[in-house]
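Novice: Sharing target_20.pdb here; it has PDB, C-alpha atoms and all ligand atoms.
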```pdb
MODEL        1
ATOM      1  CA  MET G   1     -57.193  42.307  14.943
ATOM      2  CA  ILE G   2     -59.411  44.811  16.768
ATOM      3  CA  PRO G   3     -62.031  46.627  14.687
ATOM      4  CA  GLY G   4     -62.404  50.396  14.737
ATOM      5  CA  SER G   5     -65.190  51.839  16.868
ATOM      6  CA  PHE G   6     -68.698  52.015  15.450
ATOM      7  CA  GLU G   7     -72.249  52.864  16.413
ATOM      8  CA  TYR G   8     -74.499  49.791  16.648
ATOM      9  CA  PHE G   9     -78.191  49.498  15.770
ATOM     10  CA  ALA G  10     -80.331  46.355  15.974
ATOM     11  CA  PRO G  11     -83.638  47.068  14.209
ATOM     12  CA  THR G  12     -86.443  44.525  14.474
ATOM     13  CA  ALA G  13     -88.265  45.522  11.263
ATOM     14  CA  LEU G  14     -87.107  45.855   7.658
ATOM     15  CA  ASP G  15     -88.480  49.427   7.328
ATOM     16  CA  GLU G  16     -86.457  50.479  10.341
ATOM     17  CA  ALA G  17     -83.275  48.959   8.879
ATOM     18  CA  LEU G  18     -83.869  50.703   5.536
ATOM     19  CA  SER G  19     -84.406  54.070   7.277
ATOM     20  CA  LEU G  20     -81.149  53.627   9.174
ATOM     21  CA  LEU G  21     -79.337  52.787   5.926
ATOM     22  CA  GLN G  22     -80.719  55.929   4.291
ATOM     23  CA  GLU G  23     -79.836  58.069   7.282
ATOM     24  CA  HIS G  24     -76.230  56.881   7.532
ATOM     25  CA  GLY G  25     -75.466  56.295   3.834
ATOM     26  CA  ASP G  26     -71.936  55.154   2.982
ATOM     27  CA  ASP G  27     -70.926  55.154   6.665
ATOM     28  CA  ALA G  28     -73.211  52.206   7.412
ATOM     29  CA  LYS G  29     -72.858  48.462   6.882
ATOM     30  CA  VAL G  30     -75.480  45.782   7.296
ATOM     31  CA  LEU G  31     -74.459  42.931   9.612
ATOM     32  CA  ALA G  32     -75.973  39.459   9.059
ATOM     33  CA  GLY G  33     -73.997  36.421  10.288
ATOM     34  CA  GLY G  34     -70.830  38.512  10.535
ATOM     35  CA  HIS G  35     -68.609  35.753   9.146
ATOM     36  CA  SER G  36     -67.274  37.901   6.332
ATOM     37  CA  LEU G  37     -67.860  41.423   7.637
ATOM     38  CA  ILE G  38     -66.324  41.009  11.095
ATOM     39  CA  PRO G  39     -63.039  39.453   9.872
ATOM     40  CA  THR G  40     -62.822  42.286   7.334
ATOM     41  CA  MET G  41     -63.374  44.839  10.109
ATOM     42  CA  LYS G  42     -60.796  43.169  12.334
ATOM     43  CA  LEU G  43     -58.267  43.508   9.527
ATOM     44  CA  ARG G  44     -59.418  47.138   9.125
ATOM     45  CA  LEU G  45     -60.181  46.479   5.464
ATOM     46  CA  ALA G  46     -63.634  47.815   6.348
ATOM     47  CA  GLU G  47     -64.168  50.521   8.970
ATOM     48  CA  PRO G  48     -67.885  51.296   8.979
ATOM     49  CA  ALA G  49     -68.907  54.022  11.423
ATOM     50  CA  VAL G  50     -72.352  52.437  11.786
ATOM     51  CA  ILE G  51     -73.372  48.783  11.991
ATOM     52  CA  ILE G  52     -76.991  47.863  11.298
ATOM     53  CA  ASP G  53     -77.484  44.352  12.663
ATOM     54  CA  ILE G  54     -80.413  42.830  10.742
ATOM     55  CA  GLY G  55     -80.295  39.572  12.725
ATOM     56  CA  ARG G  56     -83.465  40.387  14.695
ATOM     57  CA  ILE G  57     -85.668  40.968  11.631
ATOM     58  CA  GLY G  58     -87.932  37.925  11.620
ATOM     59  CA  SER G  59     -89.314  38.550   8.113
ATOM     60  CA  LEU G  60     -85.857  37.834   6.638
ATOM     61  CA  LYS G  61     -85.702  34.333   8.128
ATOM     62  CA  GLY G  62     -87.008  30.948   7.075
ATOM     63  CA  ILE G  63     -87.673  28.718   4.083
ATOM     64  CA  SER G  64     -91.109  28.208   2.538
ATOM     65  CA  GLU G  65     -92.681  26.775  -0.614
ATOM     66  CA  SER G  66     -94.957  28.930  -2.719
ATOM     67  CA  GLY G  67     -96.151  28.696  -6.337
ATOM     68  CA  GLY G  68     -93.629  26.040  -7.399
ATOM     69  CA  LYS G  69     -90.735  27.899  -5.799
ATOM     70  CA  LEU G  70     -88.701  27.768  -2.637
ATOM     71  CA  VAL G  71     -88.538  31.164  -0.974
ATOM     72  CA  ILE G  72     -85.440  31.448   1.186
ATOM     73  CA  GLY G  73     -85.126  34.380   3.570
ATOM     74  CA  ALA G  74     -81.792  36.171   3.260
ATOM     75  CA  LEU G  75     -80.987  35.502   6.925
ATOM     76  CA  THR G  76     -81.339  31.737   6.540
ATOM     77  CA  THR G  77     -78.112  30.162   7.726
ATOM     78  CA  HIS G  78     -76.045  27.697   5.737
ATOM     79  CA  HIS G  79     -76.857  25.078   8.400
ATOM     80  CA  GLU G  80     -80.609  25.674   8.114
ATOM     81  CA  LEU G  81     -80.367  25.077   4.361
ATOM     82  CA  GLU G  82     -78.186  22.021   4.828
ATOM     83  CA  SER G  83     -80.554  20.425   7.344
ATOM     84  CA  SER G  84     -83.983  21.478   6.017
ATOM     85  CA  ASP G  85     -86.215  18.539   5.014
ATOM     86  CA  LEU G  86     -88.060  20.819   2.579
ATOM     87  CA  VAL G  87     -84.823  21.802   0.847
ATOM     88  CA  GLN G  88     -83.540  18.228   0.759
ATOM     89  CA  GLN G  89     -86.792  17.062  -0.846
ATOM     90  CA  ARG G  90     -87.387  19.907  -3.297
ATOM     91  CA  VAL G  91     -83.968  21.304  -4.306
ATOM     92  CA  PRO G  92     -81.336  18.990  -2.802
ATOM     93  CA  VAL G  93     -78.446  20.739  -4.557
ATOM     94  CA  LEU G  94     -79.015  23.664  -2.166
ATOM     95  CA  ALA G  95     -78.498  21.410   0.853
ATOM     96  CA  GLN G  96     -75.474  19.832  -0.823
ATOM     97  CA  THR G  97     -73.928  23.258  -1.466
ATOM     98  CA  ALA G  98     -74.548  24.397   2.111
ATOM     99  CA  SER G  99     -72.820  21.291   3.452
ATOM    100  CA  GLU G 100     -69.640  22.235   1.549
ATOM    101  CA  ILE G 101     -69.278  25.653   3.210
ATOM    102  CA  GLY G 102     -66.564  26.209   5.816
ATOM    103  CA  ASP G 103     -67.021  24.332   9.084
ATOM    104  CA  VAL G 104     -69.864  23.830  11.562
ATOM    105  CA  GLN G 105     -69.358  27.222  13.222
ATOM    106  CA  VAL G 106     -69.359  29.046   9.894
ATOM    107  CA  ARG G 107     -72.471  27.190   8.743
ATOM    108  CA  ASN G 108     -74.270  27.935  12.014
ATOM    109  CA  LYS G 109     -73.728  31.696  11.779
ATOM    110  CA  GLY G 110     -73.211  32.548   8.108
ATOM    111  CA  THR G 111     -76.260  33.356   5.986
ATOM    112  CA  ILE G 112     -77.060  32.794   2.327
ATOM    113  CA  GLY G 113     -77.972  36.467   1.932
ATOM    114  CA  GLY G 114     -74.696  37.593   3.490
ATOM    115  CA  SER G 115     -72.708  35.310   1.231
ATOM    116  CA  LEU G 116     -74.468  36.507  -1.933
ATOM    117  CA  ALA G 117     -74.246  40.187  -0.936
ATOM    118  CA  HIS G 118     -70.556  39.849  -0.072
ATOM    119  CA  ALA G 119     -69.803  38.201  -3.454
ATOM    120  CA  ASP G 120     -66.480  36.683  -2.468
ATOM    121  CA  PRO G 121     -65.046  35.235  -5.711
ATOM    122  CA  ALA G 122     -64.450  31.903  -3.940
ATOM    123  CA  ALA G 123     -67.840  31.629  -2.184
ATOM    124  CA  ASP G 124     -69.956  28.557  -2.859
ATOM    125  CA  TRP G 125     -73.529  29.885  -3.051
ATOM    126  CA  PRO G 126     -73.087  31.980  -6.203
ATOM    127  CA  ALA G 127     -72.355  28.918  -8.385
ATOM    128  CA  THR G 128     -75.505  27.120  -7.299
ATOM    129  CA  ILE G 129     -77.717  30.195  -7.338
ATOM    130  CA  LEU G 130     -76.555  30.874 -10.913
ATOM    131  CA  ALA G 131     -77.116  27.285 -12.049
ATOM    132  CA  LEU G 132     -80.615  27.332 -10.535
ATOM    133  CA  ASP G 133     -81.326  30.625 -12.333
ATOM    134  CA  ALA G 134     -82.636  32.036  -9.050
ATOM    135  CA  ASP G 135     -84.310  35.409  -8.552
ATOM    136  CA  LEU G 136     -83.006  37.694  -5.831
ATOM    137  CA  GLN G 137     -85.512  39.899  -4.026
ATOM    138  CA  ILE G 138     -84.146  43.257  -2.964
ATOM    139  CA  THR G 139     -85.792  46.039  -0.964
ATOM    140  CA  GLY G 140     -84.692  49.659  -0.882
ATOM    141  CA  PRO G 141     -86.053  53.188  -0.457
ATOM    142  CA  ASN G 142     -87.970  52.875  -3.745
ATOM    143  CA  GLY G 143     -89.638  49.607  -2.777
ATOM    144  CA  GLU G 144     -89.026  46.063  -3.892
ATOM    145  CA  ARG G 145     -87.350  44.735  -7.029
ATOM    146  CA  THR G 146     -86.228  41.355  -8.319
ATOM    147  CA  VAL G 147     -82.925  40.654 -10.034
ATOM    148  CA  LYS G 148     -81.879  37.523 -11.890
ATOM    149  CA  ALA G 149     -78.817  35.852 -10.403
ATOM    150  CA  THR G 150     -77.065  36.306 -13.764
ATOM    151  CA  ASP G 151     -77.434  40.097 -13.413
ATOM    152  CA  PHE G 152     -76.635  40.245  -9.700
ATOM    153  CA  PHE G 153     -72.909  39.406  -9.678
ATOM    154  CA  GLN G 154     -70.930  42.182 -11.314
ATOM    155  CA  GLY G 155     -67.294  41.674 -10.349
ATOM    156  CA  LEU G 156     -64.896  41.168  -7.468
ATOM    157  CA  TYR G 157     -67.057  41.733  -4.340
ATOM    158  CA  GLU G 158     -69.389  43.724  -6.609
ATOM    159  CA  THR G 159     -73.107  43.130  -6.937
ATOM    160  CA  ASP G 160     -76.169  44.909  -8.222
ATOM    161  CA  LEU G 161     -77.139  45.824  -4.609
ATOM    162  CA  GLY G 162     -77.248  49.545  -3.859
ATOM    163  CA  ASP G 163     -75.750  50.894  -0.606
ATOM    164  CA  ASP G 164     -79.265  51.679   0.609
ATOM    165  CA  GLU G 165     -80.756  48.275  -0.277
ATOM    166  CA  ILE G 166     -81.158  44.977   1.550
ATOM    167  CA  LEU G 167     -81.290  41.546  -0.053
ATOM    168  CA  THR G 168     -84.424  40.062   1.472
ATOM    169  CA  ALA G 169     -85.024  36.666  -0.162
ATOM    170  CA  ILE G 170     -83.923  34.197  -2.806
ATOM    171  CA  HIS G 171     -86.548  32.528  -5.018
ATOM    172  CA  VAL G 172     -85.644  29.164  -6.542
ATOM    173  CA  SER G 173     -87.886  27.245  -8.955
ATOM    174  CA  ILE G 174     -88.440  23.659  -7.860
ATOM    175  CA  PRO G 175     -87.070  21.415 -10.633
ATOM    176  CA  ASP G 176     -89.153  18.593 -12.113
ATOM    177  CA  ALA G 177     -88.457  14.881 -11.661
ATOM    178  CA  ASN G 178     -86.222  14.683 -14.769
ATOM    179  CA  THR G 179     -83.918  17.375 -13.451
ATOM    180  CA  LYS G 180     -80.973  16.731 -11.182
ATOM    181  CA  GLY G 181     -78.515  19.153  -9.636
ATOM    182  CA  THR G 182     -75.079  18.659  -8.206
ATOM    183  CA  TYR G 183     -72.355  20.828  -6.675
ATOM    184  CA  LEU G 184     -68.707  19.779  -6.704
ATOM    185  CA  LYS G 185     -65.909  21.736  -5.108
ATOM    186  CA  LEU G 186     -62.190  21.615  -4.567
ATOM    187  CA  HIS G 187     -61.588  23.156  -1.124
ATOM    188  CA  GLN G 188     -58.655  25.444  -0.511
ATOM    189  CA  VAL G 189     -57.034  23.485   2.301
ATOM    190  CA  ALA G 190     -56.553  26.290   4.842
ATOM    191  CA  SER G 191     -59.742  28.339   4.442
ATOM    192  CA  GLY G 192     -62.173  25.807   3.016
ATOM    193  CA  PHE G 193     -63.243  28.272   0.319
ATOM    194  CA  ALA G 194     -63.597  27.028  -3.275
ATOM    195  CA  LEU G 195     -60.519  26.887  -5.458
ATOM    196  CA  THR G 196     -63.154  25.799  -7.925
ATOM    197  CA  GLY G 197     -66.823  25.089  -7.353
ATOM    198  CA  VAL G 198     -69.143  23.891 -10.105
ATOM    199  CA  ALA G 199     -72.919  23.604  -9.864
ATOM    200  CA  VAL G 200     -74.800  21.784 -12.605
ATOM    201  CA  VAL G 201     -78.574  21.566 -13.060
ATOM    202  CA  LEU G 202     -79.389  19.127 -15.848
ATOM    203  CA  THR G 203     -82.688  17.959 -17.341
ATOM    204  CA  LYS G 204     -82.653  14.659 -19.225
ATOM    205  CA  SER G 205     -84.958  13.381 -21.903
ATOM    206  CA  GLY G 206     -84.039   9.712 -22.188
ATOM    207  CA  ASP G 207     -80.273   9.718 -22.715
ATOM    208  CA  THR G 208     -80.242  13.208 -24.177
ATOM    209  CA  CYS G 209     -79.503  16.464 -22.413
ATOM    210  CA  GLN G 210     -82.678  18.519 -22.748
ATOM    211  CA  SER G 211     -81.216  21.487 -20.886
ATOM    212  CA  VAL G 212     -78.270  22.207 -18.642
ATOM    213  CA  SER G 213     -77.076  25.180 -16.644
ATOM    214  CA  VAL G 214     -73.611  25.436 -15.171
ATOM    215  CA  GLY G 215     -72.521  27.940 -12.503
ATOM    216  CA  ILE G 216     -68.832  28.262 -11.654
ATOM    217  CA  THR G 217     -67.145  29.961  -8.703
ATOM    218  CA  GLY G 218     -63.546  30.315  -7.540
ATOM    219  CA  VAL G 219     -62.073  30.528 -11.032
ATOM    220  CA  SER G 220     -62.612  34.148 -11.988
ATOM    221  CA  ASP G 221     -63.075  37.448 -10.151
ATOM    222  CA  ALA G 222     -66.828  36.864 -10.337
ATOM    223  CA  PRO G 223     -68.951  33.731 -10.559
ATOM    224  CA  TYR G 224     -70.295  32.962 -14.020
ATOM    225  CA  ARG G 225     -72.574  30.772 -16.110
ATOM    226  CA  ALA G 226     -70.494  28.583 -18.420
ATOM    227  CA  SER G 227     -72.575  29.310 -21.511
ATOM    228  CA  GLY G 228     -70.167  27.506 -23.870
ATOM    229  CA  VAL G 229     -70.649  24.273 -21.929
ATOM    230  CA  GLU G 230     -74.403  24.761 -21.850
ATOM    231  CA  SER G 231     -74.769  25.325 -25.594
ATOM    232  CA  ALA G 232     -72.412  22.448 -26.456
ATOM    233  CA  LEU G 233     -74.361  19.926 -24.386
ATOM    234  CA  THR G 234     -77.965  21.021 -24.866
ATOM    235  CA  GLY G 235     -79.672  18.590 -27.251
ATOM    236  CA  ALA G 236     -76.662  16.244 -27.298
ATOM    237  CA  ALA G 237     -76.529  12.611 -26.229
ATOM    238  CA  LEU G 238     -75.077  12.301 -22.730
ATOM    239  CA  THR G 239     -72.063  10.226 -23.784
ATOM    240  CA  ALA G 240     -68.682  10.462 -22.077
ATOM    241  CA  ASP G 241     -67.180  12.066 -25.198
ATOM    242  CA  ASN G 242     -69.901  14.708 -25.513
ATOM    243  CA  ILE G 243     -69.700  15.559 -21.813
ATOM    244  CA  ALA G 244     -65.899  15.868 -21.959
ATOM    245  CA  ALA G 245     -66.045  18.039 -25.094
ATOM    246  CA  ALA G 246     -68.629  20.345 -23.521
ATOM    247  CA  ALA G 247     -66.754  20.551 -20.194
ATOM    248  CA  ALA G 248     -63.581  21.569 -22.050
ATOM    249  CA  ARG G 249     -65.331  24.915 -22.639
ATOM    250  CA  ALA G 250     -65.775  25.638 -18.902
ATOM    251  CA  ALA G 251     -63.319  28.538 -18.870
ATOM    252  CA  ASP G 252     -63.987  29.864 -22.397
ATOM    253  CA  GLY G 253     -63.833  33.659 -22.446
ATOM    254  CA  ILE G 254     -62.874  33.810 -18.759
ATOM    255  CA  THR G 255     -59.763  35.411 -17.303
ATOM    256  CA  ALA G 256     -58.847  32.997 -14.538
ATOM    257  CA  LEU G 257     -57.515  34.302 -11.225
ATOM    258  CA  GLU G 258     -53.871  33.756 -10.337
ATOM    259  CA  ASP G 259     -52.720  33.889  -6.699
ATOM    260  CA  ILE G 260     -50.630  32.032  -4.128
ATOM    261  CA  HIS G 261     -53.188  29.221  -4.060
ATOM    262  CA  ALA G 262     -53.403  28.398  -7.771
ATOM    263  CA  SER G 263     -52.065  29.529 -11.128
ATOM    264  CA  GLN G 264     -54.317  30.656 -13.963
ATOM    265  CA  ALA G 265     -53.664  27.467 -15.923
ATOM    266  CA  TYR G 266     -54.429  25.266 -12.911
ATOM    267  CA  ARG G 267     -57.708  27.073 -12.224
ATOM    268  CA  GLN G 268     -58.754  26.763 -15.876
ATOM    269  CA  ASN G 269     -57.992  23.063 -15.758
ATOM    270  CA  LEU G 270     -59.891  22.657 -12.475
ATOM    271  CA  ALA G 271     -62.911  24.349 -14.027
ATOM    272  CA  GLN G 272     -62.896  21.847 -16.891
ATOM    273  CA  VAL G 273     -62.315  18.776 -14.730
ATOM    274  CA  TYR G 274     -64.900  19.702 -12.069
ATOM    275  CA  THR G 275     -67.427  20.629 -14.750
ATOM    276  CA  ARG G 276     -67.018  17.242 -16.409
ATOM    277  CA  ARG G 277     -67.380  15.427 -13.097
ATOM    278  CA  ALA G 278     -70.386  17.520 -12.040
ATOM    279  CA  ILE G 279     -72.158  16.883 -15.369
ATOM    280  CA  GLU G 280     -71.421  13.157 -15.119
ATOM    281  CA  SER G 281     -72.905  13.148 -11.631
ATOM    282  CA  ALA G 282     -76.012  15.140 -12.619
ATOM    283  CA  ALA G 283     -76.520  12.924 -15.685
ATOM    284  CA  SER G 284     -76.179   9.652 -13.769
TER     285      SER G 284
HETATM  286  C1  LIG G 301     -63.273  30.486   8.657
HETATM  287  C2  LIG G 301     -64.270  30.779   7.574
HETATM  288  C3  LIG G 301     -64.431  29.868   6.547
HETATM  289  C4  LIG G 301     -65.350  30.119   5.534
HETATM  290  N1  LIG G 301     -65.486  29.208   4.532
HETATM  291  C5  LIG G 301     -66.354  29.446   3.533
HETATM  292  C6  LIG G 301     -66.518  28.514   2.467
HETATM  293  O1  LIG G 301     -65.920  27.446   2.427
HETATM  294  N2  LIG G 301     -67.396  28.838   1.484
HETATM  295  C7  LIG G 301     -68.121  30.002   1.492
HETATM  296  O2  LIG G 301     -68.899  30.236   0.572
HETATM  297  N3  LIG G 301     -68.007  30.891   2.501
HETATM  298  C8  LIG G 301     -67.146  30.641   3.512
HETATM  299  N4  LIG G 301     -67.033  31.551   4.534
HETATM  300  C9  LIG G 301     -67.842  32.785   4.496
HETATM  301  C10 LIG G 301     -69.195  32.541   5.150
HETATM  302  O3  LIG G 301     -69.982  31.715   4.326
HETATM  303  C11 LIG G 301     -69.943  33.855   5.417
HETATM  304  O4  LIG G 301     -70.929  33.541   6.327
HETATM  305  C12 LIG G 301     -70.622  34.527   4.260
HETATM  306  O5  LIG G 301     -69.720  34.816   3.249
HETATM  307  C13 LIG G 301     -71.213  35.875   4.667
HETATM  308  O6  LIG G 301     -72.433  35.701   5.315
HETATM  309  P1  LIG G 301     -72.730  36.442   6.672
HETATM  310  O7  LIG G 301     -74.153  36.191   6.971
HETATM  311  O8  LIG G 301     -71.744  36.041   7.681
HETATM  312  O9  LIG G 301     -72.572  37.978   6.222
HETATM  313  P2  LIG G 301     -71.861  39.211   6.947
HETATM  314  O10 LIG G 301     -70.448  38.893   7.233
HETATM  315  O11 LIG G 301     -72.685  39.679   8.077
HETATM  316  O12 LIG G 301     -71.959  40.284   5.763
HETATM  317  C14 LIG G 301     -71.171  40.156   4.605
HETATM  318  C15 LIG G 301     -71.421  41.362   3.685
HETATM  319  O13 LIG G 301     -72.725  41.299   3.128
HETATM  320  C16 LIG G 301     -73.518  42.419   3.523
HETATM  321  N5  LIG G 301     -74.848  41.864   3.812
HETATM  322  C17 LIG G 301     -75.122  40.812   4.614
HETATM  323  N6  LIG G 301     -76.418  40.489   4.536
HETATM  324  C18 LIG G 301     -76.982  41.363   3.685
HETATM  325  C19 LIG G 301     -78.301  41.527   3.180
HETATM  326  N7  LIG G 301     -79.301  40.704   3.526
HETATM  327  N8  LIG G 301     -78.539  42.537   2.308
HETATM  328  C20 LIG G 301     -77.529  43.364   1.928
HETATM  329  N9  LIG G 301     -76.258  43.247   2.355
HETATM  330  C21 LIG G 301     -75.988  42.250   3.224
HETATM  331  C22 LIG G 301     -72.803  43.025   4.719
HETATM  332  O14 LIG G 301     -73.035  44.417   4.811
HETATM  333  C23 LIG G 301     -71.355  42.713   4.402
HETATM  334  O15 LIG G 301     -70.849  43.663   3.498
HETATM  335  C24 LIG G 301     -66.128  31.315   5.558
HETATM  336  C25 LIG G 301     -65.972  32.233   6.611
HETATM  337  C26 LIG G 301     -65.057  31.967   7.613
HETATM  338  C27 LIG G 301     -64.927  32.958   8.730
ENDMDL
END
```
Give the structure from this file in structure tokens form.
Specialist:
Amino acid sequence: MIPGSFEYFAPTALDEALSLLQEHGDDAKVLAGGHSLIPTMKLRLAEPAVIIDIGRIGSLKGISESGGKLVIGALTTHHELESSDLVQQRVPVLAQTASEIGDVQVRNKGTIGGSLAHADPAADWPATILALDADLQITGPNGERTVKATDFFQGLYETDLGDDEILTAIHVSIPDANTKGTYLKLHQVASGFALTGVAVVLTKSGDTCQSVSVGITGVSDAPYRASGVESALTGAALTADNIAAAAARAADGITALEDIHASQAYRQNLAQVYTRRAIESAAS
């Protein structure tokens, strides 16, 4: 449980961090809250020769509102999102998701950017970021670019981020008054990670579902939007039968994970049950 030796840098500006990443290439790893990277290094699953600690880069921190969006710095901790008045007022499902992550220590150190960049298949943030159709702001040697959450997650611990890029911020549109979000999760008892986590963002028009987006984590090797559920429910009356029929499609086209914690069939069933419950909650 002792990591290999490494060279340590603690830049205070984004440009400096990007230069270090370019200089050291594949040998380097960015360190944010360290709550995924350091355990991986202790197990020697990762042995970076260079650590670039971005924790002192002020421009990557904080939550602000601009042009109808929340702009969340990548270094914002889970706890800051959970406890922010701005987040609770504007996009409460973000605060709800943060509150479901790990324990107090994990939430105090772990960052939203680190979680998204790490892309653990059982992490909570990806489900909610997908359901909110967020934009991820990335900076690299060629400047800045923005990627839709749906294009960001590419597989098991795989994202659209290049080795020489840093995720700098997450942009989330502030939903209108007819829109409600919810995140429901079944915790794996030992680790607290999601055996299944379902985020739903639903807009009602009277008793009809005007639009719905569903992000699911923990079920497959990568988080996904449950498009079958979304198309089945959009435009439909929000009756118990319609919600159940739509939720039954939560694992359509998905190869569910199978491991010591849950079988494929159990995970598929969890996806359906938690999707139904999350839609019922968002529609209430
Ligand atoms: C005991 C325990 C329980 C946990 N329970 C949960 C849980 O229930 N749900 C959950 O979702 N998570 C859980 N986690 C994980 C936790 O949320 C981590 O904090 C998170 O996954 C990673 O964030 P970090 O800031 O610690 O990133 P780090 O560990 O510092 O980095 C993780 C990876 O992302 C890269 N990276 C970090 N930031 C950036 C960036 N801005 N740009 C580019 N690359 C970057 C790093 O190079 C590294 O590869 C748990 C962790 C522990 C230790």
Novice: Closest to Ile254 (chain G) among G:Ala190, G:Ala222, G:Leu202, G:Ile52, using all atoms listed in the file?
Specialist: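 Going through G:Ala190, G:Ala222, G:Leu202, G:Ile52 one by one, the smallest distance to Ile254 (chain G) is for G:Ala222.
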Novice: What does the distance between CA of Glu16 (chain G) and atom N9 of ligand LIG 301 (chain G) come to in Å, to one decimal place?
Specialist: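 Between CA of Glu16 (chain G) and atom N9 of ligand LIG 301 (chain G) the gap is 14.8 Å.
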Novice: How would you report the residues lying within 6 Å of ligand LIG 301 (chain G), as a PDB file with C-alpha atoms, keeping the file's coordinate frame, if you count only C-alpha atoms and all ligand atoms?
Specialist:
```pdb
ATOM      1  CA  LYS G  29     -72.858  48.462   6.882  1.00  0.00           C
ATOM      2  CA  VAL G  30     -75.480  45.782   7.296  1.00  0.00           C
ATOM      3  CA  LEU G  31     -74.459  42.931   9.612  1.00  0.00           C
ATOM      4  CA  ALA G  32     -75.973  39.459   9.059  1.00  0.00           C
ATOM      5  CA  GLY G  33     -73.997  36.421  10.288  1.00  0.00           C
ATOM      6  CA  GLY G  34     -70.830  38.512  10.535  1.00  0.00           C
ATOM      7  CA  HIS G  35     -68.609  35.753   9.146  1.00  0.00           C
ATOM      8  CA  SER G  36     -67.274  37.901   6.332  1.00  0.00           C
ATOM      9  CA  LEU G  37     -67.860  41.423   7.637  1.00  0.00           C
ATOM     10  CA  ALA G  74     -81.792  36.171   3.260  1.00  0.00           C
ATOM     11  CA  ILE G 101     -69.278  25.653   3.210  1.00  0.00           C
ATOM     12  CA  GLY G 102     -66.564  26.209   5.816  1.00  0.00           C
ATOM     13  CA  VAL G 106     -69.359  29.046   9.894  1.00  0.00           C
ATOM     14  CA  GLY G 110     -73.211  32.548   8.108  1.00  0.00           C
ATOM     15  CA  THR G 111     -76.260  33.356   5.986  1.00  0.00           C
ATOM     16  CA  GLY G 113     -77.972  36.467   1.932  1.00  0.00           C
ATOM     17  CA  GLY G 114     -74.696  37.593   3.490  1.00  0.00           C
ATOM     18  CA  SER G 115     -72.708  35.310   1.231  1.00  0.00           C
ATOM     19  CA  ALA G 117     -74.246  40.187  -0.936  1.00  0.00           C
ATOM     20  CA  HIS G 118     -70.556  39.849  -0.072  1.00  0.00           C
ATOM     21  CA  ALA G 123     -67.840  31.629  -2.184  1.00  0.00           C
ATOM     22  CA  ASP G 124     -69.956  28.557  -2.859  1.00  0.00           C
ATOM     23  CA  TRP G 125     -73.529  29.885  -3.051  1.00  0.00           C
ATOM     24  CA  ILE G 166     -81.158  44.977   1.550  1.00  0.00           C
ATOM     25  CA  LEU G 167     -81.290  41.546  -0.053  1.00  0.00           C
ATOM     26  CA  THR G 168     -84.424  40.062   1.472  1.00  0.00           C
ATOM     27  CA  SER G 191     -59.742  28.339   4.442  1.00  0.00           C
ATOM     28  CA  GLY G 192     -62.173  25.807   3.016  1.00  0.00           C
ATOM     29  CA  PHE G 193     -63.243  28.272   0.319  1.00  0.00           C
TER      30      PHE G 193
END
```
Novice: Sorted by chain and rising residue number, list the residues of region 157-239 of chain G at most 9 Å from region 77-99 of chain G (counting all atoms listed in the file), each with its closest atom pair and distance in Å to one decimal, as CSV.
Specialist:
```
residue,atom,partner,partner_atom,distance
G:Val172,CA,G:Val91,CA,8.3
G:Ser173,CA,G:Val91,CA,8.5
G:Ile174,CA,G:Arg90,CA,6.0
G:Pro175,CA,G:Val91,CA,7.0
G:Lys180,CA,G:Val93,CA,8.1
G:Gly181,CA,G:Val93,CA,5.3
G:Thr182,CA,G:Val93,CA,5.4
G:Tyr183,CA,G:Thr97,CA,6.0
G:Leu184,CA,G:Thr97,CA,8.2
G:Lys185,CA,G:Thr97,CA,8.9
G:Ala199,CA,G:Val93,CA,8.2
G:Val200,CA,G:Val93,CA,8.9
G:Val201,CA,G:Val93,CA,8.5
```
Novice: Let me know the residues the PyMOL selection byres (((chain G and resi 161-165) around 7) and not hetatm) catches in the file above, as a short mmCIF file (atom, residue, chain, number, x, y, z; two decimals) with C-alpha atoms, in the frame of the given file.
Specialist:
```
data_model
loop_
_atom_site.label_atom_id
_atom_site.label_comp_id
_atom_site.auth_asym_id
_atom_site.auth_seq_id
_atom_site.Cartn_x
_atom_site.Cartn_y
_atom_site.Cartn_z
CA LEU G 18 -83.87 50.70 5.54
CA LEU G 21 -79.34 52.79 5.93
CA GLN G 22 -80.72 55.93 4.29
CA GLY G 25 -75.47 56.30 3.83
CA ASP G 26 -71.94 55.15 2.98
CA ILE G 138 -84.15 43.26 -2.96
CA THR G 139 -85.79 46.04 -0.96
CA GLY G 140 -84.69 49.66 -0.88
CA THR G 159 -73.11 43.13 -6.94
CA ASP G 160 -76.17 44.91 -8.22
CA ILE G 166 -81.16 44.98 1.55
CA LEU G 167 -81.29 41.55 -0.05
#
```
Novice: Kindly give the distance, in Å, that separates CA of Leu156 (chain G) and CA of Thr255 (chain G), rounded to a single decimal.
Specialist: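 Taking CA of Leu156 (chain G) as the start and CA of Thr255 (chain G) as the end point, the length is 12.5 Å.
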Novice: Between G:Asp221, G:Ile170, G:Ser213, G:Ala149, single out the one closest to Gly62 (chain G), counting all atoms listed in the file.
Specialist: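 Going through G:Asp221, G:Ile170, G:Ser213, G:Ala149 one by one, the smallest distance to Gly62 (chain G) is for G:Ile170.
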Novice: With only C-alpha atoms as the basis for distance, which of G:Ala262, G:Ser66, G:Thr203, G:Met1 is at the shortest distance from Asp176 (chain G)?
Specialist: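 Looking only at the distances to Asp176 (chain G), the closest residue turns out to be G:Thr203.
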Novice: When the PyMOL selection byres (((chain G and resi 41) around 12) and not hetatm) is applied to the structure above, which residues does it catch, written out as a list of chain:residue names?
Specialist: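 Against this file, the PyMOL selection byres (((chain G and resi 41) around 12) and not hetatm) returns the residues G:Met1, G:Ile2, G:Pro3, G:Gly4, G:Ser5, G:Phe6, G:Lys29, G:Leu31, G:Gly34, G:His35, G:Ser36, G:Leu37, G:Ile38, G:Pro39, G:Thr40, G:Lys42, G:Leu43, G:Arg44, G:Leu45, G:Ala46, G:Glu47, G:Pro48, G:Ala49, G:Val50, G:Ile51.
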